[in-house]
Amino acid sequence: MTETVPLVVENLSFRYRDRDTPAIQDISFSLQKGEILLVAGASGCGKTTLIRCINGLIPRSYKGEVSGRVLIHGQETGGWPLARISQHVGTVLQDPERQILGIRVLNEVAFGLENLGLPRDEIIQRSEEALKRLNIIHLRDRETFNLSGGEKQKVALAGVLAMRPSILLLDEPLASLDPASALETLDMVRTLADEGMSVLLIEHRVEDVLRIRPDRVLYMQEGRIRYLGPVEGLVDVVDYHEVKLPVSMVLEKVAAEPRPPEIRILPGAQAEVEGEAGNDGGGETMVRFEDVHFGYEMGREVLHGISLDVHRGEVIAVLGPNGAGKTTLVKHAIGLLKPTSGRVLVNGRDTREASVAEIAATLGYVFQSPSHMLFAPTVHDELAFGPKNLGHPKDQIEKEVSEALEIVNLAEYANDPPLALSFGQQKRVSIAAILSMRSRILVMDEPTAGQDYKNYINFMDAIVQMPGFEAILFITHDVDMAVMYATRVLLMADGRVVADGTPEEVLRDVKRLEACRLVPTSLLEVNLEYLPRSGRFLRLEALAHV
C-alpha cells in the first residue's frame, strides 16, 4: 500500500474579514515525510497565515474568505475539529506568551496529553522525555511566569513534541533563543526529520537554518510563492536586503554595488560627548548600577553584584545566553524591579525613590513580548498614549506619532488594531510607541525578534541616527546587530557581567563567546579576518569594499 503524502496544500487563498486584500493567494505545495521545508519572506508576507490554514486556526479562530484546500495524510481537513488536527499537526507559535497556559513547566508540557486522556504515568513519561530532549529537564518544576523568553520558547516546543505529531509547524522558533540554543534546536529538528517527521519551518534567521540542510526553500512575497526549490537557487531570486544570507553567498554581489554612506551613531549625543572634557572617553553618566543583587524567589539570586555605568552617547549591546539575567538587568534600569541589595541611579536619583512613570521620561523600554505592551484600539492610539501621559502638547504628539510610524515602516497601518497585525509588525508598533515618547535613553529587549532583515536594518539605521536619543541599550541574541550598531558590548552569564568593552575587544574572544552560548556568524568571522585592515567592525555593505 502506497503511503500518502503527509501534507498537501492546493490553491489556497485567504483574506481576513477586516482586510481589503488577501493575506495569501494561490498557494500550492506538498510536504513529504521526513522533509524540512524552510519558509522565508518579509514580515507580513503571509507566512503565519499559511500556518494558521494548515493547523486549522483558519477558519475556526480567524474569520474571513478562504478557498482551496489542505490535505493531511490524504484527507481534506475542512470538516475536522481542531482536536483531531492537533493529533497530526503540532504548532509552535512565534510568541511563546500566547501558547503557555500552565503555572509550572511540567503542567504546561503535559497539557496536550491530558486533553487526549492518556494515563497519568504515560503523560509524565512523555513530558519528561520531551524536556530531556530539549535539555531543559532542570526547569521541570519551575514557574513558567519566571522563565526567560528563550526558556519559554523551549517549554512551548516541549509541549508540542510530547504530543508526537507527524507534521511540525514552527513559526520563528529561534526568535527568542540564544545562538547555541538555536543551533541545538535546529539539530533536534534535523533529527526529528531524519526520524520521519515532516517539518515546515518559518524563520528569518536563514543563515542559521542553512546549517541543517533544509530540503527545500519556499520564498514568499506579498502573499504569493515567488520561489520553491533547492537552497542553491535562493541567492538568484532573493534580495539580500530582505533575507539575511551567509556573507559568502552574497559578498560578490554586494561588492558590485556602490559603497553606502557611513551612518553616524547618535549624532546629537556624540557632539555633546566630544565637547566634554575629562570623561575618560564617555559622556555624562546617565544610569549607574552599584553592586546590584536581585532574586525573584527566596534563595535564588539572579543578579550577583552588578556594577556599571551607562554614559551619554553609547549604544550598548547586552549579549548572553537565555536565563543569564539580561532582561532582569534592564528592568532594574527602568524601575520595574528594585535591587535586593545595592542600588540603581537614574540621573543621580535612586530608582527606589522614583515612580516608573517618572523614570519613563528618561528611559523608554520596549518589552520582549509585544503582547505585554499593546492594548489600544488602533496603532495611532497606541503611539499617542505615552506622549499624552507625559504631557506633550497635542500638535507635538501628532508629529511624534507620524515620525515614529515612518521609522518603523507602518504608516499605512495607523488605523488598524495593533493585535490584528503579524508578530513582527506588533514588535515594530511596540518600538514606535517608545520612539513617540522621545525618552532620552531607548532600552529594547530583543528588538529584531520576528523581524525580516530589511525592516530591522531600516528601523535600526533610523533609530541610531535620531538626534533625540542620548543613549541606546538593547538586549539581543543577534551577534551581527552588536557588530553593526554597538559602540560597547556587555557580555553576561549566570547573572554577572563577564566582559565589557568595545565590540572589537569583546567579540574577538571566540572561546569566551562560545562559553556564553554565542556562535560566531559569517559577518563576525569576516570582520575579524579584515580587522587589521579596517581597524573596526563594519556592516556587510562597507566590508565588501575594504
# chains A, B, ... in the order shown; residues from 1 in each chain; ligands from 1
$ select_by_dssp --residues "segment 83-325 of chain A" --states "strand (DSSP E)" --output "CSV table (one decimal) with C-alpha atoms, in the first residue's frame"
chain,number,residue,atom,x,y,z
A,89,VAL,CA,-0.1,18.7,13.3
A,90,GLY,CA,2.0,20.3,16.1
A,91,THR,CA,2.5,24.1,16.1
A,92,VAL,CA,5.0,26.2,18.0
A,167,ILE,CA,3.8,17.2,11.0
A,168,LEU,CA,5.6,20.0,12.9
A,169,LEU,CA,4.9,23.7,12.1
A,170,LEU,CA,7.5,26.1,13.6
A,171,ASP,CA,6.8,29.8,13.4
A,198,SER,CA,7.7,16.4,8.3
A,199,VAL,CA,8.7,20.0,9.3
A,200,LEU,CA,7.6,23.3,7.9
A,201,LEU,CA,9.9,25.9,9.4
A,202,ILE,CA,9.3,29.7,9.2
A,216,ARG,CA,13.8,22.9,0.0
A,217,VAL,CA,13.0,26.6,0.4
A,218,LEU,CA,9.7,28.3,-0.1
A,219,TYR,CA,10.1,32.1,-0.5
A,220,MET,CA,7.0,34.3,-0.2
A,221,GLN,CA,6.4,37.9,-1.3
A,224,ARG,CA,2.4,34.6,-3.1
A,225,ILE,CA,5.1,31.9,-3.7
A,226,ARG,CA,8.0,33.5,-5.6
A,227,TYR,CA,10.3,30.6,-5.3
A,228,LEU,CA,10.0,26.9,-4.3
A,229,GLY,CA,13.1,24.8,-4.8
A,285,THR,CA,26.8,59.1,33.4
A,286,MET,CA,23.0,58.7,32.9
A,287,VAL,CA,22.4,55.3,34.7
A,288,ARG,CA,24.6,53.7,37.4
A,289,PHE,CA,24.4,50.2,38.9
A,290,GLU,CA,26.2,49.9,42.3
A,291,ASP,CA,26.7,46.3,43.5
A,292,VAL,CA,23.2,45.3,42.5
A,293,HIS,CA,21.9,41.9,43.7
A,294,PHE,CA,18.4,40.6,43.0
A,295,GLY,CA,16.4,37.4,43.0
A,296,TYR,CA,12.7,36.6,42.1
A,297,GLU,CA,12.4,33.7,44.5
A,300,ARG,CA,17.5,32.0,44.0
A,301,GLU,CA,19.6,35.1,43.2
A,302,VAL,CA,19.5,36.1,39.5
A,303,LEU,CA,21.9,39.1,39.6
A,304,HIS,CA,25.2,38.9,41.5
A,305,GLY,CA,26.9,42.2,42.3
A,306,ILE,CA,26.4,44.2,39.1
A,307,SER,CA,28.3,47.5,38.9
A,308,LEU,CA,28.4,49.5,35.7
A,309,ASP,CA,27.6,52.9,34.2
A,310,VAL,CA,25.7,53.9,31.1
A,311,HIS,CA,27.1,57.1,29.5
A,315,VAL,CA,24.9,52.3,22.1
A,316,ILE,CA,25.2,49.2,24.3
A,317,ALA,CA,24.5,45.7,23.2
A,318,VAL,CA,23.8,43.2,26.0
A,319,LEU,CA,24.6,39.7,24.9
$ residues_around --residues "Glu505 of chain A" --least-positions-apart "2" --cutoff "12 Å" --atoms "only C-alpha atoms" --output "JSON, numbers by chain"
{"A": [483, 486, 487, 488, 489, 490, 491, 499, 500, 501, 502, 503, 507, 508, 509, 510, 512, 513, 528, 531, 535, 536, 537]}
$ write_last_selection --atoms "C-alpha atoms" --output "short mmCIF file (atom, residue, chain, number, x, y, z; two decimals), in the first residue's frame"
data_model
loop_
_atom_site.label_atom_id
_atom_site.label_comp_id
_atom_site.auth_asym_id
_atom_site.auth_seq_id
_atom_site.Cartn_x
_atom_site.Cartn_y
_atom_site.Cartn_z
CA VAL A 483 28.79 44.08 15.19
CA ALA A 486 27.06 48.77 19.19
CA THR A 487 29.78 51.07 20.49
CA ARG A 488 30.02 48.91 23.63
CA VAL A 489 29.19 45.28 24.41
CA LEU A 490 28.20 43.81 27.79
CA LEU A 491 28.54 40.03 27.85
CA ALA A 499 33.09 41.12 29.63
CA ASP A 500 32.61 44.84 29.00
CA GLY A 501 34.29 46.76 26.19
CA THR A 502 34.16 47.71 22.53
CA PRO A 503 32.69 45.17 20.07
CA LEU A 507 33.67 39.72 20.24
CA ARG A 508 37.18 38.71 19.14
CA ASP A 509 37.40 36.17 22.01
CA VAL A 510 35.65 33.27 20.26
CA ARG A 512 34.52 33.19 25.60
CA LEU A 513 31.63 33.75 23.19
CA LEU A 528 37.76 39.52 12.41
CA LEU A 531 40.13 43.86 11.27
CA GLY A 535 40.55 48.90 12.18
CA ARG A 536 36.94 48.38 13.33
CA PHE A 537 33.87 46.27 12.65
#
$ residues_around --residues "segment 121-130 of chain A" --least-positions-apart "5" --cutoff "9 Å" --atoms "only C-alpha atoms" --output "number ranges by chain"
A: 106-107, 109-111, 113-114, 135-137, 140, 157-163
$ atom_distance --atom1 "atom CA of Gly424 of chain A" --atom2 "atom CA of Leu139 of chain A"
28.1 Å
$ atom_distance --atom1 "atom CA of Arg120 of chain A" --atom2 "atom CA of Arg164 of chain A"
16.6 Å
$ residues_around --residues "Ser422 of chain A" --least-positions-apart "6" --cutoff "10 Å" --atoms "only C-alpha atoms" --output "PDB file with C-alpha atoms, in the first residue's frame"
ATOM      1  CA  SER A  43       7.248  40.318   7.797  1.00  0.00           C
ATOM      2  CA  GLY A  44       3.594  40.415   6.778  1.00  0.00           C
ATOM      3  CA  CYS A  45       4.092  38.398   3.564  1.00  0.00           C
ATOM      4  CA  GLY A  46       1.636  35.692   4.691  1.00  0.00           C
ATOM      5  CA  LYS A  47       3.876  33.079   6.350  1.00  0.00           C
ATOM      6  CA  THR A  48       1.945  32.924   9.642  1.00  0.00           C
ATOM      7  CA  THR A  49      -1.391  32.966   7.788  1.00  0.00           C
ATOM      8  CA  GLN A  94       6.088  32.828  17.223  1.00  0.00           C
ATOM      9  CA  ARG A 428       7.585  47.388  15.430  1.00  0.00           C
ATOM     10  CA  GLY A 450      10.308  38.334  14.395  1.00  0.00           C
TER      11      GLY A 450
END
$ closest_residue --among "A:Asp95, A:Glu65, A:Gly41, A:Leu405" --to "Leu234 of chain A" --atoms "only C-alpha atoms"
A:Gly41
$ residues_around --residues "Ser402 of chain A" --least-positions-apart "3" --cutoff "10 Å" --atoms "only C-alpha atoms" --output "compact mmCIF listing (two decimals) with C-alpha atoms, in the first residue's frame"
# COMPACT_ATOMS: atom_id res chain seq x y z
CA HIS A 380 -2.20 55.53 16.23
CA LEU A 383 1.65 55.50 19.89
CA ALA A 384 -0.16 58.57 21.25
CA GLN A 396 3.65 67.73 19.03
CA ILE A 397 2.05 64.33 19.73
CA GLU A 398 0.75 64.07 16.16
CA LYS A 399 4.21 64.88 14.80
CA LEU A 405 5.33 55.28 12.19
CA GLU A 406 7.60 56.28 9.29
CA ILE A 407 10.71 54.99 11.08
CA LEU A 410 3.96 51.14 9.49
CA ALA A 411 2.33 54.42 8.37
CA ALA A 414 -2.13 53.72 11.65
CA ALA A 432 7.32 53.01 17.72
CA SER A 436 6.96 58.63 20.05
$ residues_around --residues "His73 of chain A" --least-positions-apart "3" --cutoff "6 Å" --atoms "only C-alpha atoms" --output "ChimeraX atom specification"
/A:4-6
$ closest_residue --among "A:Asn527, A:Thr378, A:Gln465, A:Asn409" --to "Gly313 of chain A" --atoms "only C-alpha atoms"
A:Gln465
